[in-house]
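First comes the structure, then the notes that go with it.
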Amino acid sequence: MKERFALVDVNNFFCSAEAAFAPELKGVPLVVLSNNDGCVVSRSAEVKALQTVKMGTPWHQMQDLAKQHGIIAKSSNYELYGDMSRRTMTVIGTFVEPSDQEVYSIDESFLRLTKYPHLDGQTLGREIRAKVFLWTGMMVCCGIGFSRTQAKLANHLAKKRPQYEGVCDLTKLSRAEFDDICKTVSVNDVWGIGGRLTGHLTAMGITTVHELRCADIKRLRERFGVVLERTITELNGTPVSGLDVVEPKQQIISSRSFGSPCYDYNGLHSMVSTFIARATAKLRKQGSYAGRVCVWLETNRFREQDVQYHPAAGIRLPNPTNDIAALTNAASIVLGRLYKPGFRYAKAGVMLEELSDSAHVQGSLFGGSEPSPERQKLLTTLDRIHHRFGKNHIGVGYAGVKRVPHEMQRALMSPRYTTRWDELMEVQA
DNA sequence: TCTGGGGTCCTAGGACCC
DNA sequence: TCTGGGGTCCTAGGACCC
């Protein structure tokens with residue numbers, strides 16, 4: 001039996017999540033900004049229609065444009081988006097068995113339809129759209145194909161071409177119809193083909209999906225590697241990969257630009273400690289232990305007048321651990337090596353690596369040792385306090401105990417309608 | 001003044017082993 | 001004069017994704 005996949009994806013996800021609770025944001029030009037209110041990371045249909053605001057445009061560079069078109073901006077509200085994502089994915093998941101859904105990103109989900117040959121793609125897509133909209137207020141598009149890459153392509157068409165009305169099923173097309181459509185889509189719109197590859201392919205005279213499908217696959221593999229070969233195979237209707245099962249993360253990163261520049265060691269130390277706290281929380285949530293801690297610092301690369309410095313280094317722990325104090329300590333050692341006075345630091349980050357599901361490291365000279373029961377109790381209690389009161393009430397060293405001076409700016413943030421009792425939406429009778 | 005954050009996979013090349 | 005060859009593991013960096 002031929003495999004069949006669907007990709008369901010929310011339109012303008014962050015903007016839609018904002019508008020779901022604020023009717024005045026519906027039908028108006030709206031953007032959502034990255035951390036620190038830096039860049040545009042989501043645009044409403046009205047902003048996309050202007051064609052002048054690209055993804056990633058710095059907000060401070062488009063003030064005039066915003067005034068001219070009445071563009072409203074919102075700070076990113078990841079607590080709201082995370083919760084709306086969970087709700088949306090749950091509704092999408094009601095159409096198949098759990099093992100046939102892969103939540104691919106915050107706003108996208110693959111469904112494997114192979115087991116449900118009786119489901120007509122068009123009908124299913126329309127039903128998903130209706131149910132998701134009714135239950136969450138979010139509008140999705142649905143693409144269906146014989147591989148995940150085809151489903152992605154179909155979703156792209158469903159989103160961009162009004163005649164599809166949000167649902168595109170490539171599996172129902174004849175060979176000739178499929179070829180004709182592929183002649184109208186640029187390689188750049190294919191999942192897995194980014195700017196670099198597009199440049200190289202264009203130079204070889206390959207600009208449309210049809211040309212890519214017909215190209216000499218052996219030659220392209222030799223030149224660009226196995227990834228492109230798989231993409232072409234999938235475009236031609238043979239799935240190379242099925243659904244990905246959710247694996248624990250192999251690395252955990254926490255990193256932020258500072259709300260204001262930082263010059264001194266103590267300031268950096270408090271930020272790095274905060275990042276470690278956040279990363280450790282993720283680590284403990286997935287039940288992993290880290291074997292290596294990396295830290296990096298960055299000056300502001302956009303300031304040409306500044307001397308640039310962006311060092312990075314890591315340290316291997318004697319035994320993998322999930323103990324926030326041990327991880328903070330390791331990060332402090334690395335930071336001590338990296339820090340040099342006299343620079344205008346703008347950003348820092350930490351990375352937990354070599355994650356395992358055990359505190360024991362194989363072949364360690366001294367043997368792995370579990371933290372003592374008392375220690376475990378302390379760590380678990382910390383987790384509970386974080387869970388119940390939020391992350392900013394207790395921490396190690398400088399982290400999170402009080403507002404740190406370089407915290408990010410989120411001047412335009414909306415309420416966290418669905419996750420905070422004191423930020424619930426109020427309705428006036 | 002202000003320019004995001006968090007991931008994965010693959011490959012080439014060096015280190016090291018026998 | 002002439003200095004092996006094959007294999008694995010690790011790391012850094014590139015490309016991509018959302």
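We label chains A, B, ... in the order they appear in the structure tokens, count residues from 1 in each chain, and number ligands from 1 in the order shown.
Residues surrounding segment 3-14 of chain C within 10 Å are B:DC10, B:DT11, B:DA12, B:DG13, B:DG14, B:DA15, B:DC16, B:DC17, B:DC18 [only C-alpha atoms (C1' of nucleotides); sequence separation below 4 positions excluded].
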All strand (DSSP E or B) residues (DSSP, backbone) inside segment 25-167 of chain A, as a PyMOL selection string: chain A and resi 30-33+39-43+58+72-75+101-105+108-112+140-145+167
Enumerate as a ChimeraX atom specification the residues belonging to chain A that approach chain B to within 6 Å, with only C-alpha atoms (C1' of nucleotides) taken into account. /A:34-35,58,60
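Going from atom CA of Ser288 of chain A over to atom CA of Ala313 of chain A, you cover 21.7 Å.
The gap separating atom CA of Pro239 of chain A from atom CA of Val10 of chain A is 23.7 Å, in Å to one decimal.
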So which bits of segment 12-223 of chain A end up helix (DSSP H, G or I) when you DSSP the backbone, as a short mmCIF file (atom, residue, chain, number, x, y, z; two decimals) with N, CA, C and O atoms, in the first residue's frame?
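Okay, this is what ended up in part_37.cif:
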data_model
loop_
_atom_site.label_atom_id
_atom_site.label_comp_id
_atom_site.auth_asym_id
_atom_site.auth_seq_id
_atom_site.Cartn_x
_atom_site.Cartn_y
_atom_site.Cartn_z
N PHE A 13 1.11 31.81 12.61
CA PHE A 13 0.74 31.28 13.92
C PHE A 13 0.76 32.30 15.05
O PHE A 13 -0.23 32.47 15.77
N PHE A 14 1.87 33.00 15.26
CA PHE A 14 1.95 33.90 16.41
C PHE A 14 0.91 35.02 16.30
O PHE A 14 0.24 35.36 17.27
N CYS A 15 0.77 35.56 15.09
CA CYS A 15 -0.24 36.61 14.90
C CYS A 15 -1.64 36.07 15.15
O CYS A 15 -2.47 36.74 15.77
N SER A 16 -1.92 34.86 14.68
CA SER A 16 -3.24 34.28 14.88
C SER A 16 -3.52 34.05 16.36
O SER A 16 -4.64 34.25 16.82
N ALA A 17 -2.48 33.61 17.10
CA ALA A 17 -2.67 33.38 18.53
C ALA A 17 -2.99 34.69 19.24
O ALA A 17 -3.83 34.74 20.15
N GLU A 18 -2.36 35.76 18.83
CA GLU A 18 -2.65 37.07 19.42
C GLU A 18 -4.09 37.48 19.10
O GLU A 18 -4.83 37.92 19.98
N ALA A 19 -4.47 37.31 17.84
CA ALA A 19 -5.78 37.79 17.41
C ALA A 19 -6.92 36.94 17.97
O ALA A 19 -8.05 37.41 18.07
N ALA A 20 -6.62 35.69 18.33
CA ALA A 20 -7.66 34.80 18.83
C ALA A 20 -8.33 35.39 20.08
O ALA A 20 -9.50 35.13 20.35
N PHE A 21 -7.59 36.16 20.85
CA PHE A 21 -8.14 36.71 22.09
C PHE A 21 -8.38 38.21 22.03
O PHE A 21 -8.80 38.81 23.00
N PRO A 23 -10.12 40.72 19.47
CA PRO A 23 -10.85 40.96 18.21
C PRO A 23 -10.33 42.19 17.46
O PRO A 23 -10.38 42.23 16.23
N GLU A 24 -9.84 43.18 18.22
CA GLU A 24 -9.37 44.40 17.53
C GLU A 24 -8.11 44.12 16.69
O GLU A 24 -7.73 44.96 15.88
N LEU A 25 -7.49 42.96 16.89
CA LEU A 25 -6.30 42.64 16.11
C LEU A 25 -6.65 41.84 14.85
O LEU A 25 -5.78 41.53 14.04
N ASN A 35 12.39 38.21 20.61
CA ASN A 35 12.79 38.64 21.95
C ASN A 35 13.45 40.01 21.89
O ASN A 35 14.07 40.37 20.89
N ASN A 36 13.30 40.76 22.99
CA ASN A 36 13.85 42.10 23.03
C ASN A 36 13.17 43.04 22.04
O ASN A 36 13.73 44.09 21.71
N ASP A 37 12.01 42.62 21.53
CA ASP A 37 11.31 43.41 20.52
C ASP A 37 12.22 43.76 19.35
O ASP A 37 12.21 44.87 18.83
N ALA A 45 -1.83 38.43 7.49
CA ALA A 45 -2.06 38.46 6.05
C ALA A 45 -2.00 39.89 5.52
O ALA A 45 -1.48 40.14 4.43
N GLU A 46 -2.50 40.83 6.32
CA GLU A 46 -2.55 42.23 5.88
C GLU A 46 -1.14 42.80 5.72
O GLU A 46 -0.87 43.59 4.80
N VAL A 47 -0.21 42.38 6.60
CA VAL A 47 1.17 42.85 6.48
C VAL A 47 1.86 42.17 5.30
O VAL A 47 2.57 42.81 4.52
N LYS A 48 1.60 40.88 5.13
CA LYS A 48 2.20 40.17 3.99
C LYS A 48 1.78 40.82 2.68
O LYS A 48 2.57 40.93 1.74
N ALA A 49 0.52 41.27 2.63
CA ALA A 49 -0.01 41.87 1.41
C ALA A 49 0.72 43.17 1.07
O ALA A 49 0.80 43.54 -0.09
N LEU A 50 1.26 43.84 2.08
CA LEU A 50 2.00 45.09 1.81
C LEU A 50 3.27 44.82 1.02
O LEU A 50 3.77 45.69 0.31
N TRP A 59 12.53 45.84 13.92
CA TRP A 59 11.39 46.70 14.21
C TRP A 59 11.79 48.17 14.22
O TRP A 59 11.07 49.03 13.72
N HIS A 60 12.95 48.46 14.75
CA HIS A 60 13.35 49.87 14.85
C HIS A 60 13.62 50.49 13.49
O HIS A 60 13.64 51.71 13.35
N GLN A 61 13.79 49.62 12.46
CA GLN A 61 14.05 50.16 11.12
C GLN A 61 12.76 50.41 10.34
O GLN A 61 12.80 50.92 9.22
N GLN A 63 9.84 51.91 11.64
CA GLN A 63 8.92 52.77 12.39
C GLN A 63 8.06 53.63 11.45
O GLN A 63 6.85 53.77 11.64
N ASP A 64 8.69 54.18 10.43
CA ASP A 64 7.95 55.03 9.50
C ASP A 64 6.89 54.22 8.76
O ASP A 64 5.74 54.63 8.64
N LEU A 65 7.33 53.05 8.29
CA LEU A 65 6.42 52.16 7.58
C LEU A 65 5.23 51.78 8.45
O LEU A 65 4.08 51.75 8.01
N ALA A 66 5.54 51.50 9.74
CA ALA A 66 4.48 51.10 10.67
C ALA A 66 3.46 52.22 10.84
O ALA A 66 2.26 51.99 10.86
N LYS A 67 3.98 53.43 10.93
CA LYS A 67 3.08 54.57 11.11
C LYS A 67 2.22 54.77 9.87
O LYS A 67 1.01 54.94 9.93
N GLN A 68 2.89 54.66 8.73
CA GLN A 68 2.22 54.88 7.45
C GLN A 68 1.06 53.91 7.23
O GLN A 68 0.01 54.29 6.73
N HIS A 69 1.28 52.63 7.60
CA HIS A 69 0.25 51.62 7.33
C HIS A 69 -0.53 51.21 8.57
O HIS A 69 -1.36 50.29 8.51
N TYR A 78 5.58 33.75 24.48
CA TYR A 78 5.74 32.33 24.20
C TYR A 78 4.89 31.44 25.09
O TYR A 78 4.56 30.32 24.72
N GLU A 79 4.52 31.96 26.23
CA GLU A 79 3.66 31.15 27.10
C GLU A 79 2.29 30.97 26.43
O GLU A 79 1.74 29.87 26.42
N LEU A 80 1.78 32.05 25.86
CA LEU A 80 0.50 31.98 25.15
C LEU A 80 0.62 31.08 23.92
O LEU A 80 -0.20 30.19 23.69
N TYR A 81 1.68 31.27 23.12
CA TYR A 81 1.82 30.50 21.88
C TYR A 81 1.99 29.02 22.18
O TYR A 81 1.45 28.16 21.49
N GLY A 82 2.77 28.72 23.23
CA GLY A 82 2.99 27.32 23.59
C GLY A 82 1.68 26.64 23.96
O GLY A 82 1.41 25.51 23.54
N ASP A 83 0.86 27.34 24.71
CA ASP A 83 -0.40 26.75 25.13
C ASP A 83 -1.37 26.62 23.96
O ASP A 83 -2.05 25.61 23.80
N MET A 84 -1.43 27.63 23.11
CA MET A 84 -2.32 27.56 21.93
C MET A 84 -1.85 26.47 20.98
O MET A 84 -2.65 25.80 20.34
N SER A 85 -0.53 26.27 20.92
CA SER A 85 0.00 25.20 20.08
C SER A 85 -0.46 23.84 20.60
O SER A 85 -0.94 22.99 19.85
N ARG A 86 -0.33 23.66 21.92
CA ARG A 86 -0.73 22.39 22.53
C ARG A 86 -2.20 22.10 22.22
O ARG A 86 -2.57 20.99 21.84
N ARG A 87 -3.04 23.12 22.36
CA ARG A 87 -4.47 22.93 22.09
C ARG A 87 -4.72 22.57 20.62
O ARG A 87 -5.47 21.65 20.31
N THR A 88 -4.08 23.32 19.73
CA THR A 88 -4.28 23.09 18.30
C THR A 88 -3.82 21.68 17.91
O THR A 88 -4.53 20.97 17.19
N MET A 89 -2.65 21.29 18.39
CA MET A 89 -2.12 19.98 18.03
C MET A 89 -3.02 18.86 18.57
O MET A 89 -3.18 17.82 17.94
N THR A 90 -3.61 19.11 19.73
CA THR A 90 -4.51 18.11 20.31
C THR A 90 -5.73 17.91 19.40
O THR A 90 -6.14 16.78 19.13
N VAL A 91 -6.28 19.02 18.89
CA VAL A 91 -7.44 18.89 18.00
C VAL A 91 -7.05 18.16 16.72
O VAL A 91 -7.76 17.25 16.26
N ILE A 92 -5.91 18.53 16.14
CA ILE A 92 -5.47 17.87 14.91
C ILE A 92 -5.29 16.37 15.16
O ILE A 92 -5.61 15.53 14.32
N GLY A 93 -4.81 16.06 16.37
CA GLY A 93 -4.56 14.66 16.71
C GLY A 93 -5.81 13.82 16.84
O GLY A 93 -5.74 12.59 16.81
N PRO A 98 -2.72 8.19 17.96
CA PRO A 98 -1.56 8.97 18.42
C PRO A 98 -0.26 8.62 17.68
O PRO A 98 0.55 9.51 17.39
N SER A 99 -0.07 7.35 17.33
CA SER A 99 1.19 6.98 16.68
C SER A 99 1.25 7.48 15.24
O SER A 99 2.29 7.37 14.59
N ASP A 100 0.15 8.01 14.73
CA ASP A 100 0.15 8.52 13.35
C ASP A 100 0.24 10.04 13.29
O ASP A 100 0.02 10.64 12.25
N GLY A 121 -8.70 12.80 1.00
CA GLY A 121 -7.82 13.88 1.41
C GLY A 121 -8.53 15.23 1.51
O GLY A 121 -8.42 15.94 2.50
N GLN A 122 -9.27 15.56 0.46
CA GLN A 122 -9.98 16.85 0.44
C GLN A 122 -10.94 16.96 1.61
O GLN A 122 -10.97 17.97 2.33
N THR A 123 -11.73 15.91 1.79
CA THR A 123 -12.74 15.93 2.86
C THR A 123 -12.07 16.06 4.21
O THR A 123 -12.46 16.87 5.05
N LEU A 124 -11.03 15.24 4.41
CA LEU A 124 -10.32 15.27 5.69
C LEU A 124 -9.76 16.66 5.96
O LEU A 124 -9.92 17.22 7.05
N GLY A 125 -9.11 17.23 4.95
CA GLY A 125 -8.52 18.55 5.11
C GLY A 125 -9.56 19.58 5.51
O GLY A 125 -9.35 20.39 6.41
N ARG A 126 -10.71 19.52 4.85
CA ARG A 126 -11.76 20.49 5.18
C ARG A 126 -12.28 20.29 6.59
O ARG A 126 -12.54 21.25 7.32
N GLU A 127 -12.39 19.01 6.99
CA GLU A 127 -12.90 18.73 8.35
C GLU A 127 -11.91 19.22 9.41
O GLU A 127 -12.30 19.77 10.44
N ILE A 128 -10.61 19.00 9.14
CA ILE A 128 -9.59 19.45 10.10
C ILE A 128 -9.66 20.97 10.24
O ILE A 128 -9.67 21.52 11.34
N ARG A 129 -9.76 21.65 9.10
CA ARG A 129 -9.84 23.11 9.15
C ARG A 129 -11.02 23.59 9.98
O ARG A 129 -10.87 24.47 10.84
N ALA A 130 -12.15 22.98 9.73
CA ALA A 130 -13.37 23.43 10.42
C ALA A 130 -13.26 23.18 11.92
O ALA A 130 -13.57 24.06 12.74
N LYS A 131 -12.79 22.00 12.29
CA LYS A 131 -12.77 21.64 13.71
C LYS A 131 -11.73 22.47 14.47
O LYS A 131 -12.01 22.98 15.57
N VAL A 132 -10.56 22.63 13.87
CA VAL A 132 -9.53 23.42 14.54
C VAL A 132 -10.01 24.86 14.73
O VAL A 132 -9.83 25.46 15.79
N PHE A 133 -10.66 25.38 13.71
CA PHE A 133 -11.12 26.77 13.82
C PHE A 133 -12.21 26.90 14.89
O PHE A 133 -12.18 27.81 15.72
N LEU A 134 -13.12 25.94 14.90
CA LEU A 134 -14.21 26.00 15.87
C LEU A 134 -13.68 25.86 17.30
O LEU A 134 -14.13 26.56 18.21
N TRP A 135 -12.73 24.99 17.51
CA TRP A 135 -12.28 24.70 18.87
C TRP A 135 -11.19 25.64 19.37
O TRP A 135 -10.98 25.75 20.57
N THR A 136 -10.42 26.26 18.46
CA THR A 136 -9.30 27.09 18.93
C THR A 136 -9.29 28.49 18.35
O THR A 136 -8.55 29.35 18.83
N ARG A 148 6.58 12.98 3.06
CA ARG A 148 6.48 14.20 3.86
C ARG A 148 6.88 15.42 3.03
O ARG A 148 6.31 16.51 3.20
N THR A 149 7.87 15.24 2.16
CA THR A 149 8.28 16.38 1.32
C THR A 149 7.15 16.79 0.38
O THR A 149 6.91 17.98 0.17
N GLN A 150 6.43 15.81 -0.17
CA GLN A 150 5.28 16.15 -1.01
C GLN A 150 4.17 16.81 -0.20
O GLN A 150 3.52 17.74 -0.68
N ALA A 151 3.97 16.33 1.03
CA ALA A 151 2.93 16.94 1.87
C ALA A 151 3.28 18.40 2.16
O ALA A 151 2.42 19.28 2.17
N LYS A 152 4.57 18.66 2.38
CA LYS A 152 5.04 20.03 2.60
C LYS A 152 4.76 20.88 1.37
O LYS A 152 4.31 22.02 1.47
N LEU A 153 5.08 20.30 0.21
CA LEU A 153 4.85 21.02 -1.05
C LEU A 153 3.36 21.32 -1.23
O LEU A 153 2.96 22.44 -1.57
N ALA A 154 2.53 20.32 -0.94
CA ALA A 154 1.08 20.50 -1.07
C ALA A 154 0.59 21.58 -0.11
O ALA A 154 -0.25 22.41 -0.46
N ASN A 155 1.15 21.58 1.09
CA ASN A 155 0.74 22.59 2.06
C ASN A 155 1.12 23.99 1.58
O ASN A 155 0.35 24.95 1.74
N HIS A 156 2.29 24.09 0.98
CA HIS A 156 2.73 25.36 0.42
C HIS A 156 1.72 25.86 -0.61
O HIS A 156 1.32 27.03 -0.60
N LEU A 157 1.27 24.95 -1.48
CA LEU A 157 0.29 25.34 -2.50
C LEU A 157 -1.04 25.73 -1.86
O LEU A 157 -1.66 26.72 -2.25
N ALA A 158 -1.45 24.94 -0.86
CA ALA A 158 -2.72 25.22 -0.20
C ALA A 158 -2.72 26.61 0.43
O ALA A 158 -3.73 27.30 0.45
N LYS A 159 -1.56 27.01 0.92
CA LYS A 159 -1.45 28.30 1.59
C LYS A 159 -1.37 29.46 0.61
O LYS A 159 -1.94 30.51 0.81
N LYS A 160 -0.61 29.24 -0.49
CA LYS A 160 -0.30 30.36 -1.39
C LYS A 160 -1.33 30.57 -2.49
O LYS A 160 -1.39 31.64 -3.06
N PRO A 162 -5.09 30.64 -3.77
CA PRO A 162 -6.46 30.73 -3.25
C PRO A 162 -7.38 29.65 -3.81
O PRO A 162 -8.30 29.21 -3.12
N GLN A 163 -7.10 29.20 -5.05
CA GLN A 163 -8.06 28.24 -5.64
C GLN A 163 -8.15 26.94 -4.85
O GLN A 163 -9.12 26.20 -4.97
N TYR A 164 -7.15 26.65 -4.02
CA TYR A 164 -7.19 25.41 -3.24
C TYR A 164 -8.05 25.55 -1.97
O TYR A 164 -8.36 24.56 -1.33
N LEU A 170 -2.14 16.23 -3.37
CA LEU A 170 -1.37 15.89 -4.57
C LEU A 170 -1.58 14.43 -4.98
O LEU A 170 -1.28 14.05 -6.10
N THR A 171 -2.07 13.60 -4.06
CA THR A 171 -2.18 12.17 -4.37
C THR A 171 -3.33 11.88 -5.33
O THR A 171 -3.43 10.79 -5.87
N LYS A 172 -4.17 12.88 -5.54
CA LYS A 172 -5.32 12.65 -6.43
C LYS A 172 -5.04 13.07 -7.87
O LYS A 172 -5.88 12.92 -8.74
N ARG A 175 -0.33 11.96 -13.32
CA ARG A 175 1.09 12.25 -13.50
C ARG A 175 1.30 13.60 -14.21
O ARG A 175 2.11 14.42 -13.83
N ALA A 176 0.49 13.79 -15.27
CA ALA A 176 0.65 15.01 -16.07
C ALA A 176 0.26 16.25 -15.28
O ALA A 176 0.92 17.29 -15.35
N GLU A 177 -0.82 16.12 -14.48
CA GLU A 177 -1.24 17.27 -13.67
C GLU A 177 -0.17 17.63 -12.64
O GLU A 177 0.13 18.79 -12.41
N PHE A 178 0.42 16.58 -12.02
CA PHE A 178 1.46 16.82 -11.03
C PHE A 178 2.67 17.49 -11.68
O PHE A 178 3.22 18.47 -11.16
N ASP A 179 3.07 16.99 -12.85
CA ASP A 179 4.19 17.61 -13.57
C ASP A 179 3.92 19.08 -13.84
O ASP A 179 4.79 19.93 -13.65
N ASP A 180 2.70 19.37 -14.28
CA ASP A 180 2.36 20.76 -14.62
C ASP A 180 2.49 21.67 -13.41
O ASP A 180 3.00 22.79 -13.50
N ILE A 181 2.02 21.19 -12.26
CA ILE A 181 2.13 22.01 -11.05
C ILE A 181 3.59 22.22 -10.69
O ILE A 181 4.02 23.32 -10.34
N CYS A 182 4.38 21.14 -10.80
CA CYS A 182 5.81 21.25 -10.41
C CYS A 182 6.56 22.24 -11.29
O CYS A 182 7.57 22.79 -10.87
N VAL A 187 12.34 25.83 -6.85
CA VAL A 187 13.04 24.89 -5.96
C VAL A 187 13.20 25.46 -4.55
O VAL A 187 13.25 24.73 -3.57
N ASN A 188 13.26 26.77 -4.49
CA ASN A 188 13.43 27.43 -3.20
C ASN A 188 12.28 27.14 -2.24
O ASN A 188 12.43 27.24 -1.03
N ASP A 189 11.13 26.76 -2.80
CA ASP A 189 9.95 26.49 -1.97
C ASP A 189 9.89 25.04 -1.50
O ASP A 189 8.92 24.63 -0.88
N GLY A 195 18.63 28.83 0.85
CA GLY A 195 19.21 29.84 -0.02
C GLY A 195 20.46 29.37 -0.74
O GLY A 195 20.61 29.61 -1.94
N ARG A 196 21.33 28.69 0.00
CA ARG A 196 22.60 28.26 -0.60
C ARG A 196 22.39 27.29 -1.76
O ARG A 196 22.88 27.49 -2.87
N LEU A 197 21.61 26.24 -1.45
CA LEU A 197 21.36 25.23 -2.48
C LEU A 197 20.63 25.83 -3.67
O LEU A 197 20.96 25.52 -4.83
N THR A 198 19.69 26.72 -3.41
CA THR A 198 18.96 27.36 -4.50
C THR A 198 19.94 28.07 -5.44
O THR A 198 19.84 27.96 -6.66
N GLY A 199 20.90 28.77 -4.83
CA GLY A 199 21.90 29.47 -5.63
C GLY A 199 22.67 28.51 -6.54
O GLY A 199 22.81 28.74 -7.74
N HIS A 200 23.15 27.42 -5.95
CA HIS A 200 23.92 26.44 -6.73
C HIS A 200 23.08 25.79 -7.83
O HIS A 200 23.53 25.62 -8.96
N LEU A 201 21.83 25.44 -7.45
CA LEU A 201 20.96 24.77 -8.43
C LEU A 201 20.62 25.72 -9.58
O LEU A 201 20.62 25.32 -10.75
N THR A 202 20.35 26.97 -9.24
CA THR A 202 20.03 27.95 -10.28
C THR A 202 21.18 28.08 -11.27
O THR A 202 20.97 28.13 -12.49
N ALA A 203 22.40 28.09 -10.71
CA ALA A 203 23.57 28.19 -11.58
C ALA A 203 23.68 27.00 -12.52
O ALA A 203 24.27 27.09 -13.59
N VAL A 209 10.65 22.91 -9.50
CA VAL A 209 10.56 21.58 -8.89
C VAL A 209 10.59 20.51 -9.99
O VAL A 209 11.20 19.46 -9.83
N HIS A 210 9.95 20.80 -11.10
CA HIS A 210 9.94 19.82 -12.19
C HIS A 210 11.36 19.55 -12.69
O HIS A 210 11.74 18.40 -12.88
N GLU A 211 12.12 20.62 -12.87
CA GLU A 211 13.51 20.44 -13.33
C GLU A 211 14.33 19.66 -12.32
O GLU A 211 15.17 18.83 -12.67
N LEU A 212 14.07 19.92 -11.05
CA LEU A 212 14.79 19.19 -10.00
C LEU A 212 14.45 17.70 -10.04
O LEU A 212 15.33 16.85 -9.93
N ARG A 213 13.18 17.40 -10.23
CA ARG A 213 12.75 16.00 -10.26
C ARG A 213 13.35 15.26 -11.44
O ARG A 213 13.58 14.06 -11.38
N CYS A 214 13.56 15.98 -12.54
CA CYS A 214 14.08 15.34 -13.75
C CYS A 214 15.61 15.34 -13.79
O CYS A 214 16.20 14.75 -14.70
N ILE A 217 20.12 12.61 -10.68
CA ILE A 217 20.15 12.50 -9.22
C ILE A 217 21.52 12.05 -8.71
O ILE A 217 21.99 12.48 -7.66
N LYS A 218 22.20 11.22 -9.51
CA LYS A 218 23.53 10.73 -9.09
C LYS A 218 24.53 11.88 -9.02
O LYS A 218 25.31 12.01 -8.08
N ARG A 219 24.46 12.70 -10.04
CA ARG A 219 25.39 13.83 -10.11
C ARG A 219 25.12 14.80 -8.95
O ARG A 219 26.03 15.31 -8.31
N LEU A 220 23.84 15.05 -8.69
CA LEU A 220 23.50 15.98 -7.61
C LEU A 220 23.92 15.41 -6.25
O LEU A 220 24.36 16.13 -5.37
N ARG A 221 23.81 14.10 -6.11
CA ARG A 221 24.25 13.50 -4.85
C ARG A 221 25.76 13.67 -4.66
O ARG A 221 26.24 14.00 -3.59
N GLU A 222 26.51 13.44 -5.75
CA GLU A 222 27.96 13.59 -5.63
C GLU A 222 28.33 15.01 -5.23
O GLU A 222 29.23 15.22 -4.44
N ARG A 223 27.61 15.95 -5.79
CA ARG A 223 27.98 17.36 -5.55
C ARG A 223 27.43 17.87 -4.22
O ARG A 223 28.12 18.58 -3.50
#
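Taking atom CA of Ala22 of chain A as the reference point, atom CA of Glu407 of chain A is found at 27.1 Å.
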